[in-house]
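Data block for entry.pdb (PDB, C-alpha atoms):
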```
ATOM      1  CA  PHE A   1     -15.722  -0.080  15.981
ATOM      2  CA  GLU A   2     -14.300  -3.051  14.094
ATOM      3  CA  ALA A   3     -11.374  -0.939  12.883
ATOM      4  CA  MET A   4     -10.611   0.445  16.351
ATOM      5  CA  LYS A   5     -10.946  -2.987  17.932
ATOM      6  CA  ASN A   6      -7.958  -4.222  15.905
ATOM      7  CA  VAL A   7      -5.543  -1.396  16.786
ATOM      8  CA  ASN A   8      -2.220  -2.742  18.130
ATOM      9  CA  ARG A   9      -2.506  -2.818  21.899
ATOM     10  CA  PRO A  10       0.216  -1.533  24.287
ATOM     11  CA  GLU A  11       3.054  -3.598  25.717
ATOM     12  CA  GLY A  12       1.789  -6.599  27.648
ATOM     13  CA  GLU A  13      -1.476  -6.747  25.680
ATOM     14  CA  GLU A  14      -0.087  -7.671  22.234
ATOM     15  CA  ILE A  15      -1.340 -11.283  22.133
ATOM     16  CA  TRP A  16      -4.683 -10.725  23.833
ATOM     17  CA  HIS A  17      -6.547 -12.451  20.965
ATOM     18  CA  PHE A  18      -4.876 -15.774  21.845
ATOM     19  CA  PHE A  19      -5.999 -15.752  25.470
ATOM     20  CA  ASN A  20      -9.144 -13.607  25.466
ATOM     21  CA  PRO A  21     -10.404 -13.542  21.867
ATOM     22  CA  ASN A  22     -13.860 -12.406  22.999
ATOM     23  CA  HIS A  23     -12.631  -9.634  25.311
ATOM     24  CA  ASN A  24     -13.166  -6.861  22.780
ATOM     25  CA  MET A  25     -12.855  -3.109  23.096
ATOM     26  CA  ALA A  26     -12.726  -0.357  20.484
ATOM     27  CA  TRP A  27     -10.152   2.197  21.567
ATOM     28  CA  LYS A  28      -8.162   5.240  20.513
ATOM     29  CA  THR A  29      -5.346   7.340  21.952
ATOM     30  CA  GLY A  30      -4.149  10.905  21.518
ATOM     31  CA  THR A  31      -1.136  13.028  22.500
ATOM     32  CA  SER A  32      -1.049  16.811  22.743
ATOM     33  CA  TYR A  33       1.540  18.976  20.983
ATOM     34  CA  GLY A  34       4.755  19.016  22.989
ATOM     35  CA  ASN A  35       3.741  15.908  24.964
ATOM     36  CA  ARG A  36       2.034  18.030  27.616
ATOM     37  CA  ASP A  37      -0.725  15.467  28.193
ATOM     38  CA  ALA A  38      -2.275  12.367  26.645
ATOM     39  CA  TRP A  39      -5.526  10.429  26.636
ATOM     40  CA  ALA A  40      -7.042   7.070  25.807
ATOM     41  CA  ILE A  41     -10.710   6.174  25.367
ATOM     42  CA  GLY A  42     -12.214   2.689  25.154
ATOM     43  CA  VAL A  43     -15.748   1.596  24.254
ATOM     44  CA  THR A  44     -17.578  -1.675  24.838
ATOM     45  CA  PRO A  45     -21.313  -2.310  24.332
ATOM     46  CA  ARG A  46     -21.866  -1.492  27.998
ATOM     47  CA  TYR A  47     -19.001   0.766  29.151
ATOM     48  CA  VAL A  48     -17.004   3.817  28.107
ATOM     49  CA  ILE A  49     -13.627   4.359  29.797
ATOM     50  CA  GLY A  50     -11.709   7.610  29.486
ATOM     51  CA  VAL A  51      -8.155   8.083  30.819
ATOM     52  CA  TRP A  52      -6.259  11.384  30.907
ATOM     53  CA  THR A  53      -2.615  11.675  31.932
ATOM     54  CA  GLY A  54      -0.491  14.788  32.278
ATOM     55  CA  ASN A  55       1.166  17.316  34.563
ATOM     56  CA  ALA A  56      -0.879  19.987  36.309
ATOM     57  CA  ASP A  57       1.604  22.694  35.198
ATOM     58  CA  GLY A  58       1.412  21.591  31.551
ATOM     59  CA  GLU A  59       5.116  20.774  31.292
ATOM     60  CA  GLY A  60       5.888  18.281  28.532
ATOM     61  CA  ARG A  61       7.544  14.900  28.992
ATOM     62  CA  ALA A  62       8.955  12.711  26.211
ATOM     63  CA  GLU A  63       7.213   9.634  27.617
ATOM     64  CA  MET A  64       3.857  11.402  27.843
ATOM     65  CA  THR A  65       2.087   9.713  24.931
ATOM     66  CA  GLY A  66      -1.290   8.075  24.635
ATOM     67  CA  ILE A  67       0.116   4.617  23.958
ATOM     68  CA  LYS A  68       2.786   4.730  26.701
ATOM     69  CA  SER A  69       1.035   6.536  29.551
ATOM     70  CA  ALA A  70      -2.745   6.538  29.087
ATOM     71  CA  ALA A  71      -3.338   3.228  27.267
ATOM     72  CA  PRO A  72      -1.780   0.992  29.993
ATOM     73  CA  VAL A  73      -4.162   2.503  32.562
ATOM     74  CA  LEU A  74      -7.073   2.087  30.153
ATOM     75  CA  PHE A  75      -6.400  -1.641  29.708
ATOM     76  CA  ASP A  76      -5.754  -2.163  33.404
ATOM     77  CA  LEU A  77      -9.280  -0.890  34.016
ATOM     78  CA  PHE A  78     -10.742  -2.749  31.035
ATOM     79  CA  ASN A  79      -9.316  -6.091  32.213
ATOM     80  CA  ARG A  80     -11.222  -5.701  35.495
ATOM     81  CA  LEU A  81     -14.585  -5.483  33.720
ATOM     82  CA  PRO A  82     -16.717  -8.575  33.102
ATOM     83  CA  GLN A  83     -16.564 -10.029  29.584
ATOM     84  CA  GLU A  84     -19.603  -9.413  27.404
ATOM     85  CA  GLU A  85     -20.862  -9.964  23.880
ATOM     86  CA  TRP A  86     -19.568  -7.610  21.193
ATOM     87  CA  PHE A  87     -21.859  -5.307  19.201
ATOM     88  CA  ALA A  88     -24.300  -7.205  16.988
ATOM     89  CA  PRO A  89     -23.981  -6.279  13.280
ATOM     90  CA  PRO A  90     -26.951  -4.065  12.197
ATOM     91  CA  TYR A  91     -28.111  -6.458   9.481
ATOM     92  CA  ASP A  92     -31.339  -4.508   8.894
ATOM     93  CA  ASP A  93     -29.209  -1.655   7.510
ATOM     94  CA  LEU A  94     -26.739  -3.824   5.565
ATOM     95  CA  ILE A  95     -26.732  -5.760   2.322
ATOM     96  CA  GLU A  96     -24.522  -8.728   1.447
ATOM     97  CA  ILE A  97     -22.607  -8.478  -1.811
ATOM     98  CA  ASP A  98     -19.786 -10.227  -3.672
ATOM     99  CA  MET A  99     -16.479  -8.416  -3.237
ATOM    100  CA  CYS A 100     -13.288  -9.001  -5.188
ATOM    101  CA  LYS A 101     -11.056 -10.872  -2.753
ATOM    102  CA  LYS A 102      -7.874  -9.133  -3.923
ATOM    103  CA  SER A 103      -8.908  -5.557  -4.661
ATOM    104  CA  GLY A 104     -11.873  -4.956  -2.333
ATOM    105  CA  TYR A 105     -13.990  -3.559  -5.163
ATOM    106  CA  LEU A 106     -17.315  -4.998  -6.273
ATOM    107  CA  ALA A 107     -16.596  -8.305  -7.968
ATOM    108  CA  THR A 108     -16.640  -8.778 -11.720
ATOM    109  CA  PRO A 109     -16.939 -12.201 -13.405
ATOM    110  CA  GLU A 110     -13.115 -12.312 -13.570
ATOM    111  CA  CYS A 111     -12.621 -11.930  -9.796
ATOM    112  CA  GLU A 112     -12.227 -14.466  -7.028
ATOM    113  CA  THR A 113     -15.084 -13.440  -4.734
ATOM    114  CA  GLU A 114     -15.942 -13.334  -1.061
ATOM    115  CA  LYS A 115     -19.141 -12.293   0.697
ATOM    116  CA  GLN A 116     -19.144  -9.015   2.590
ATOM    117  CA  TRP A 117     -21.759  -6.883   4.332
ATOM    118  CA  ILE A 118     -21.858  -3.196   3.396
ATOM    119  CA  SER A 119     -24.182  -0.290   4.149
ATOM    120  CA  ALA A 120     -27.492  -0.477   2.317
ATOM    121  CA  VAL A 121     -27.467   3.295   1.779
ATOM    122  CA  GLY A 122     -24.821   5.731   0.635
ATOM    123  CA  GLU A 123     -22.361   5.743  -2.212
ATOM    124  CA  ARG A 124     -21.920   2.531  -4.185
ATOM    125  CA  PHE A 125     -18.510   1.106  -4.908
ATOM    126  CA  ASP A 126     -17.066   0.700  -8.392
ATOM    127  CA  SER A 127     -16.457  -2.674  -9.983
ATOM    128  CA  CYS A 128     -12.943  -4.087  -9.815
ATOM    129  CA  PRO A 129     -10.735  -2.395 -12.447
ATOM    130  CA  TYR A 130      -7.671  -4.588 -11.832
ATOM    131  CA  HIS A 131      -8.776  -7.981 -13.111
ATOM    132  CA  LYS A 132      -8.519  -8.384 -16.857
ATOM    133  CA  ILE A 133      -8.905 -11.229 -19.320
ATOM    134  CA  ILE A 134      -5.777 -11.925 -21.387
ATOM    135  CA  GLN A 135      -4.989 -14.393 -24.141
ATOM    136  CA  LEU A 136      -1.995 -16.718 -23.704
ATOM    137  CA  ASP A 137      -0.266 -19.238 -25.951
ATOM    138  CA  ALA A 138      -0.615 -22.974 -25.341
ATOM    139  CA  THR A 139       2.287 -22.950 -22.834
ATOM    140  CA  GLN A 140       0.693 -20.046 -20.907
ATOM    141  CA  SER A 141       4.097 -18.341 -20.916
ATOM    142  CA  TYR A 142       3.402 -15.432 -23.305
ATOM    143  CA  GLN A 143       0.582 -13.127 -24.256
ATOM    144  CA  VAL A 144      -0.652 -13.466 -27.829
ATOM    145  CA  ASN A 145      -3.321 -12.044 -30.105
ATOM    146  CA  ALA A 146      -5.160 -13.061 -33.248
ATOM    147  CA  ASP A 147      -2.386 -11.639 -35.460
ATOM    148  CA  CYS A 148       0.161 -14.201 -34.297
ATOM    149  CA  GLU A 149      -1.768 -17.146 -32.859
ATOM    150  CA  PRO A 150      -4.802 -19.119 -34.025
ATOM    151  CA  VAL A 151      -7.785 -18.322 -31.843
ATOM    152  CA  SER A 152      -8.460 -22.032 -31.326
ATOM    153  CA  GLN A 153      -5.051 -22.452 -29.644
ATOM    154  CA  MET A 154      -5.300 -19.475 -27.298
ATOM    155  CA  VAL A 155      -5.741 -19.962 -23.567
ATOM    156  CA  THR A 156      -7.967 -17.402 -21.835
ATOM    157  CA  LYS A 157      -6.996 -16.470 -18.288
ATOM    158  CA  SER A 158      -7.986 -13.855 -15.723
ATOM    159  CA  TYR A 159      -5.096 -11.822 -14.291
ATOM    160  CA  PHE A 160      -4.908  -9.438 -11.354
ATOM    161  CA  THR A 161      -2.691  -6.619 -12.615
ATOM    162  CA  LEU A 162      -1.894  -3.250 -11.057
ATOM    163  CA  PRO A 163      -0.325  -0.039 -12.398
ATOM    164  CA  PRO A 164       3.484   0.037 -11.917
ATOM    165  CA  VAL A 165       3.631   2.156  -8.747
ATOM    166  CA  MET A 166       0.732   0.330  -7.066
ATOM    167  CA  ALA A 167       2.320  -3.004  -7.986
ATOM    168  CA  TRP A 168       5.636  -1.862  -6.489
ATOM    169  CA  TYR A 169       4.000  -1.250  -3.095
ATOM    170  CA  TYR A 170       1.655  -4.258  -3.303
ATOM    171  CA  ARG A 171       4.528  -6.646  -4.029
ATOM    172  CA  ARG A 172       6.206  -5.694  -0.733
ATOM    173  CA  THR A 173       3.558  -7.531   1.263
ATOM    174  CA  HIS A 174       2.313  -9.934  -1.423
ATOM    175  CA  PRO A 175       5.291 -11.884  -2.798
ATOM    176  CA  ASP A 176       2.889 -14.094  -4.763
ATOM    177  CA  TYR A 177       1.898 -11.180  -7.012
ATOM    178  CA  GLU A 178       2.456 -12.144 -10.669
ATOM    179  CA  PRO A 179       3.053  -9.490 -13.326
ATOM    180  CA  LEU A 180       1.429  -9.996 -16.698
ATOM    181  CA  PRO A 181       3.362 -12.285 -19.054
ATOM    182  CA  THR A 182       5.132 -10.441 -21.858
ATOM    183  CA  TYR A 183       4.002 -10.677 -25.474
ATOM    184  CA  ARG A 184       5.653 -13.346 -27.581
ATOM    185  CA  ALA A 185       8.367 -12.042 -29.904
ATOM    186  CA  ASP A 186       6.265 -12.541 -33.056
ATOM    187  CA  CYS A 187       3.267 -10.677 -31.572
ATOM    188  CA  GLU A 188       2.843  -6.939 -31.757
ATOM    189  CA  SER A 189       2.133  -5.710 -28.244
ATOM    190  CA  PRO A 190      -0.167  -2.727 -27.654
ATOM    191  CA  ALA A 191       1.374   0.343 -26.088
ATOM    192  CA  GLU A 192       1.070   0.260 -22.311
ATOM    193  CA  LYS A 193       2.619   2.003 -19.357
ATOM    194  CA  VAL A 194       5.224  -0.320 -17.855
ATOM    195  CA  MET A 195       7.319   2.201 -15.877
ATOM    196  CA  THR A 196       6.448   5.062 -13.537
ATOM    197  CA  PHE A 197       8.586   7.269 -11.312
ATOM    198  CA  ILE A 198       7.820   6.835  -7.614
ATOM    199  CA  ARG A 199       9.858   9.836  -6.478
ATOM    200  CA  PRO A 200      10.323  12.703  -6.964
ATOM    201  CA  ASN A 201       7.206  13.986  -8.698
ATOM    202  CA  ALA A 202       7.252  15.608 -12.110
ATOM    203  CA  GLY A 203       7.711  19.384 -12.002
ATOM    204  CA  THR A 204       9.382  19.266  -8.576
ATOM    205  CA  THR A 205      11.928  21.954  -7.679
ATOM    206  CA  ILE A 206      14.794  20.398  -5.723
ATOM    207  CA  THR A 207      16.892  22.618  -3.482
ATOM    208  CA  LEU A 208      20.585  21.712  -3.594
ATOM    209  CA  THR A 209      21.737  21.423   0.013
ATOM    210  CA  LYS A 210      25.227  20.728   1.321
ATOM    211  CA  ASN A 211      26.392  18.282   3.981
ATOM    212  CA  VAL A 212      28.832  18.983   6.832
ATOM    213  CA  GLU A 213      31.747  18.397   4.463
ATOM    214  CA  GLY A 214      30.499  21.071   2.104
ATOM    215  CA  LYS A 215      29.522  18.634  -0.651
ATOM    216  CA  VAL A 216      26.178  18.869  -2.427
ATOM    217  CA  ASN A 217      23.705  16.219  -1.258
ATOM    218  CA  GLU A 218      22.370  13.865  -3.913
ATOM    219  CA  THR A 219      18.691  13.359  -4.684
ATOM    220  CA  VAL A 220      17.230   9.844  -4.739
ATOM    221  CA  PHE A 221      15.252   8.836  -7.826
ATOM    222  CA  GLU A 222      13.108   5.713  -7.659
ATOM    223  CA  LEU A 223      11.265   3.910 -10.417
ATOM    224  CA  ALA A 224       8.622   1.175 -10.480
ATOM    225  CA  HIS A 225       8.646  -1.332 -13.346
ATOM    226  CA  LYS A 226       5.954  -3.918 -14.041
ATOM    227  CA  ILE A 227       8.647  -6.577 -14.534
ATOM    228  CA  PRO A 228      11.086  -6.142 -11.600
ATOM    229  CA  ASN A 229      14.079  -8.027 -13.033
ATOM    230  CA  THR A 230      14.181  -5.853 -16.155
ATOM    231  CA  THR A 231      17.348  -3.793 -16.716
ATOM    232  CA  VAL A 232      16.743  -0.032 -16.816
ATOM    233  CA  TYR A 233      19.222   2.515 -18.208
ATOM    234  CA  TRP A 234      19.258   6.022 -16.699
ATOM    235  CA  TYR A 235      20.108   9.317 -18.420
ATOM    236  CA  LEU A 236      20.501  12.874 -17.139
ATOM    237  CA  ASP A 237      19.497  15.047 -20.091
ATOM    238  CA  GLU A 238      21.515  13.383 -22.899
ATOM    239  CA  ASP A 239      24.210  11.837 -20.677
ATOM    240  CA  TYR A 240      24.145   8.168 -19.651
ATOM    241  CA  ILE A 241      24.432   7.697 -15.870
ATOM    242  CA  THR A 242      24.034   4.041 -14.885
ATOM    243  CA  SER A 243      21.791   0.982 -15.119
ATOM    244  CA  THR A 244      19.707  -0.794 -12.496
ATOM    245  CA  LYS A 245      18.067  -4.197 -12.205
ATOM    246  CA  ASP A 246      15.494  -5.498  -9.696
ATOM    247  CA  PHE A 247      15.734  -2.364  -7.503
ATOM    248  CA  HIS A 248      15.434   0.720  -9.686
ATOM    249  CA  GLU A 249      16.850   3.444  -7.478
ATOM    250  CA  ILE A 250      19.724   5.883  -8.042
ATOM    251  CA  ALA A 251      21.125   8.996  -6.338
ATOM    252  CA  LEU A 252      22.415  11.945  -8.345
ATOM    253  CA  SER A 253      22.881  15.678  -8.330
ATOM    254  CA  ALA A 254      22.923  18.224 -11.135
ATOM    255  CA  ALA A 255      23.798  21.839 -11.793
ATOM    256  CA  PRO A 256      21.119  24.432 -11.010
ATOM    257  CA  GLY A 257      18.531  24.699 -13.748
ATOM    258  CA  LYS A 258      15.965  22.576 -15.557
ATOM    259  CA  HIS A 259      16.830  18.937 -16.297
ATOM    260  CA  ILE A 260      15.183  15.839 -17.732
ATOM    261  CA  ILE A 261      15.737  12.394 -16.208
ATOM    262  CA  THR A 262      15.104   9.594 -18.707
ATOM    263  CA  ALA A 263      14.800   5.878 -17.937
ATOM    264  CA  VAL A 264      14.851   3.326 -20.771
ATOM    265  CA  ASP A 265      14.320  -0.391 -20.200
ATOM    266  CA  GLU A 266      15.886  -3.241 -22.182
ATOM    267  CA  ASP A 267      12.774  -3.480 -24.378
ATOM    268  CA  GLY A 268      12.969   0.160 -25.430
ATOM    269  CA  ASN A 269      10.166   1.481 -23.205
ATOM    270  CA  ASP A 270      11.030   4.870 -21.769
ATOM    271  CA  VAL A 271       9.710   7.363 -19.236
ATOM    272  CA  LYS A 272      10.841  10.960 -18.661
ATOM    273  CA  LEU A 273      10.801  13.196 -15.600
ATOM    274  CA  SER A 274      11.201  16.959 -15.896
ATOM    275  CA  LEU A 275      12.311  18.894 -12.800
ATOM    276  CA  ARG A 276      14.420  21.827 -11.675
ATOM    277  CA  PHE A 277      17.440  22.051  -9.367
ATOM    278  CA  LYS A 278      18.182  25.299  -7.576
TER     279      LYS A 278
END
```
Please rewrite the model in this file as structure tokens.
Amino acid sequence: FEAMKNVNRPEGEEIWHFFNPNHNMAWKTGTSYGNRDAWAIGVTPRYVIGVWTGNADGEGRAEMTGIKSAAPVLFDLFNRLPQEEWFAPPYDDLIEIDMCKKSGYLATPECETEKQWISAVGERFDSCPYHKIIQLDATQSYQVNADCEPVSQMVTKSYFTLPPVMAWYYRRTHPDYEPLPTYRADCESPAEKVMTFIRPNAGTTITLTKNVEGKVNETVFELAHKIPNTTVYWYLDEDYITSTKDFHEIALSAAPGKHIITAVDEDGNDVKLSLRFK
């Protein structure tokens, strides 16, 4: 109910929470194949409203969608009902726990926490795997270890760090996301995965199609790197193609057959993608 209460409402109802924050309804829409008919259903603690729209002969219409045709009628009816209290949380069947504020997993000692009620029965969540303790130098600019820095001078800090592809998507809506600091030059860094291909997937077979001019369409390759402003050099088999920085995306085509796309960053880290063109 909480999830369906927060669905974006149709035109004219977008800012309802500013004027009627307590006028709550959980609702859902649907549209049949071919836009032959549509429906919308709303639920409050006291009422259920169902709206169906469509043509008696079953002929489709482009505008016949749940959000455009059925939902406006649903909310016109809903706005005529008296306001009432929303569903009371079933606290007898819930337990309050500490959740990691950033990941949504069960909190570990390294997480910033917030209280949340979850079901007292059912499958338990895992602990947050994305917060880790790292050791920094006195300036907190570089990662260090005991081989290159006295333990007494290390600064211990908790970091929220995601795998490359997850970080690439997360950063789109969280500009404050900080990647892990790099290791200082005199410190030997452990091997870790810093680059991952976003698209296409390994082992993919790409069909070479032609555009209206008869030229072969290019395929887009996209890469996620933990440190966005790193320069990445791209190779098709053994041939150098180009380099990218900040936005690691290129378009290329190749002769039919099996090929290997290789990306190497300025620090020597590399990742390979094997695929086939046909």
In Å and to one decimal, CA of Thr65 in chain A is distant from CA of Glu2 in chain A by 23.4 Å
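Across the structure, CA of Trp117 in chain A and CA of Met4 in chain A are spaced 18.0 Å apart.
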Give me the result of the PyMOL selection byres ((chain A and resi 198) around 12) on this file, residue by residue, as number ranges by chain. A: 163-169, 195-197, 199-202, 220-225, 248-250, 271, 273
With all atoms listed in the file as the counted atoms, please give the residues lying no more than 8 Å from range 86-95 of chain A, apart from itself and same-chain residues fewer than 6 positions off, as number ranges by chain. A: 22, 24, 44-45, 117-121
Evaluate the PyMOL selection byres ((chain A and resi 67-81) around 6) against this structure - the residues, as a compact mmCIF listing (two decimals) with C-alpha atoms, in the frame of the given file, please.
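Result file follows (expr16.txt):
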```
# COMPACT_ATOMS: atom_id res chain seq x y z
CA TRP A 39 -5.53 10.43 26.64
CA ALA A 40 -7.04 7.07 25.81
CA VAL A 51 -8.15 8.08 30.82
CA THR A 53 -2.62 11.68 31.93
CA MET A 64 3.86 11.40 27.84
CA THR A 65 2.09 9.71 24.93
CA GLY A 66 -1.29 8.07 24.64
CA PRO A 82 -16.72 -8.57 33.10
```
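The space separating CA of Tyr47 in chain A from CA of Thr31 in chain A comes to 22.7 Å.
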Evaluate the PyMOL selection byres ((chain A and resi 267) around 12) on the structure here and hand back the selected residues as number ranges by chain. A: 182-183, 185, 189, 194-195, 225, 227, 230-233, 263-266, 268-270
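Restricting the calculation to all atoms listed in the file, the smallest distance between Gly257 in chain A and any of A:Lys101, A:Lys5, A:Lys210, A:Lys278 is found for A:Lys278.
Residues surrounding Arg36 in chain A within 6 Å are Gly58, Glu59 and Gly60 of chain A [all atoms listed in the file; sequence separation below 5 positions excluded].
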Which polymer residues have any atom within 7 Å of an atom of Pro181 in chain A, counting all atoms listed in the file, with same-chain residues fewer than 4 positions away left out, as a compact mmCIF listing (two decimals) with C-alpha atoms, keeping the file's coordinate frame?
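To be explicit, this is the file written out as around_39.txt:
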```txt
# COMPACT_ATOMS: atom_id res chain seq x y z
CA SER A 141 4.10 -18.34 -20.92
CA TYR A 142 3.40 -15.43 -23.30
CA GLN A 143 0.58 -13.13 -24.26
```
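Using all atoms listed in the file, the nearest neighbour of Gly203 in chain A within the list A:Ile260, A:Ala56, A:Cys187, A:Val7 is A:Ile260.
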Residue contacts of Asp239 in chain A (10 Å, all atoms listed in the file) excluding same-chain residues fewer than 5 positions away, as an MDAnalysis selection string: chainID A and resid 234 261:262
May I have the selected residues written with C-alpha atoms, as a PDB file, in the coordinates of the input?
```
ATOM      1  CA  TRP A 234      19.258   6.022 -16.699  1.00  0.00           C
ATOM      2  CA  ILE A 261      15.737  12.394 -16.208  1.00  0.00           C
ATOM      3  CA  THR A 262      15.104   9.594 -18.707  1.00  0.00           C
TER       4      THR A 262
END
```
Give me the residues within 8 Å of range 122-139 of chain A as an MDAnalysis selection string, counting all atoms listed in the file and dropping any in the same chain fewer than 5 places off. chainID A and resid 100 103:108 110:111 144:145 149 153:162
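Counting all atoms listed in the file and comparing A:Gln140, A:Asn229, A:Ser243, A:Thr113, the residue that lies closest to Arg184 in chain A is A:Gln140.
Among A:Glu213, A:Asp37, A:Asp176, A:Asp186, the residue with the shortest atom-to-atom distance to Glu63 in chain A, counting only C-alpha atoms, is A:Asp37.
Checking A:Leu180, A:Val48, A:Leu208, A:Asn55 one by one against Leu252 in chain A, counting all atoms listed in the file, you find the shortest gap at A:Leu208.
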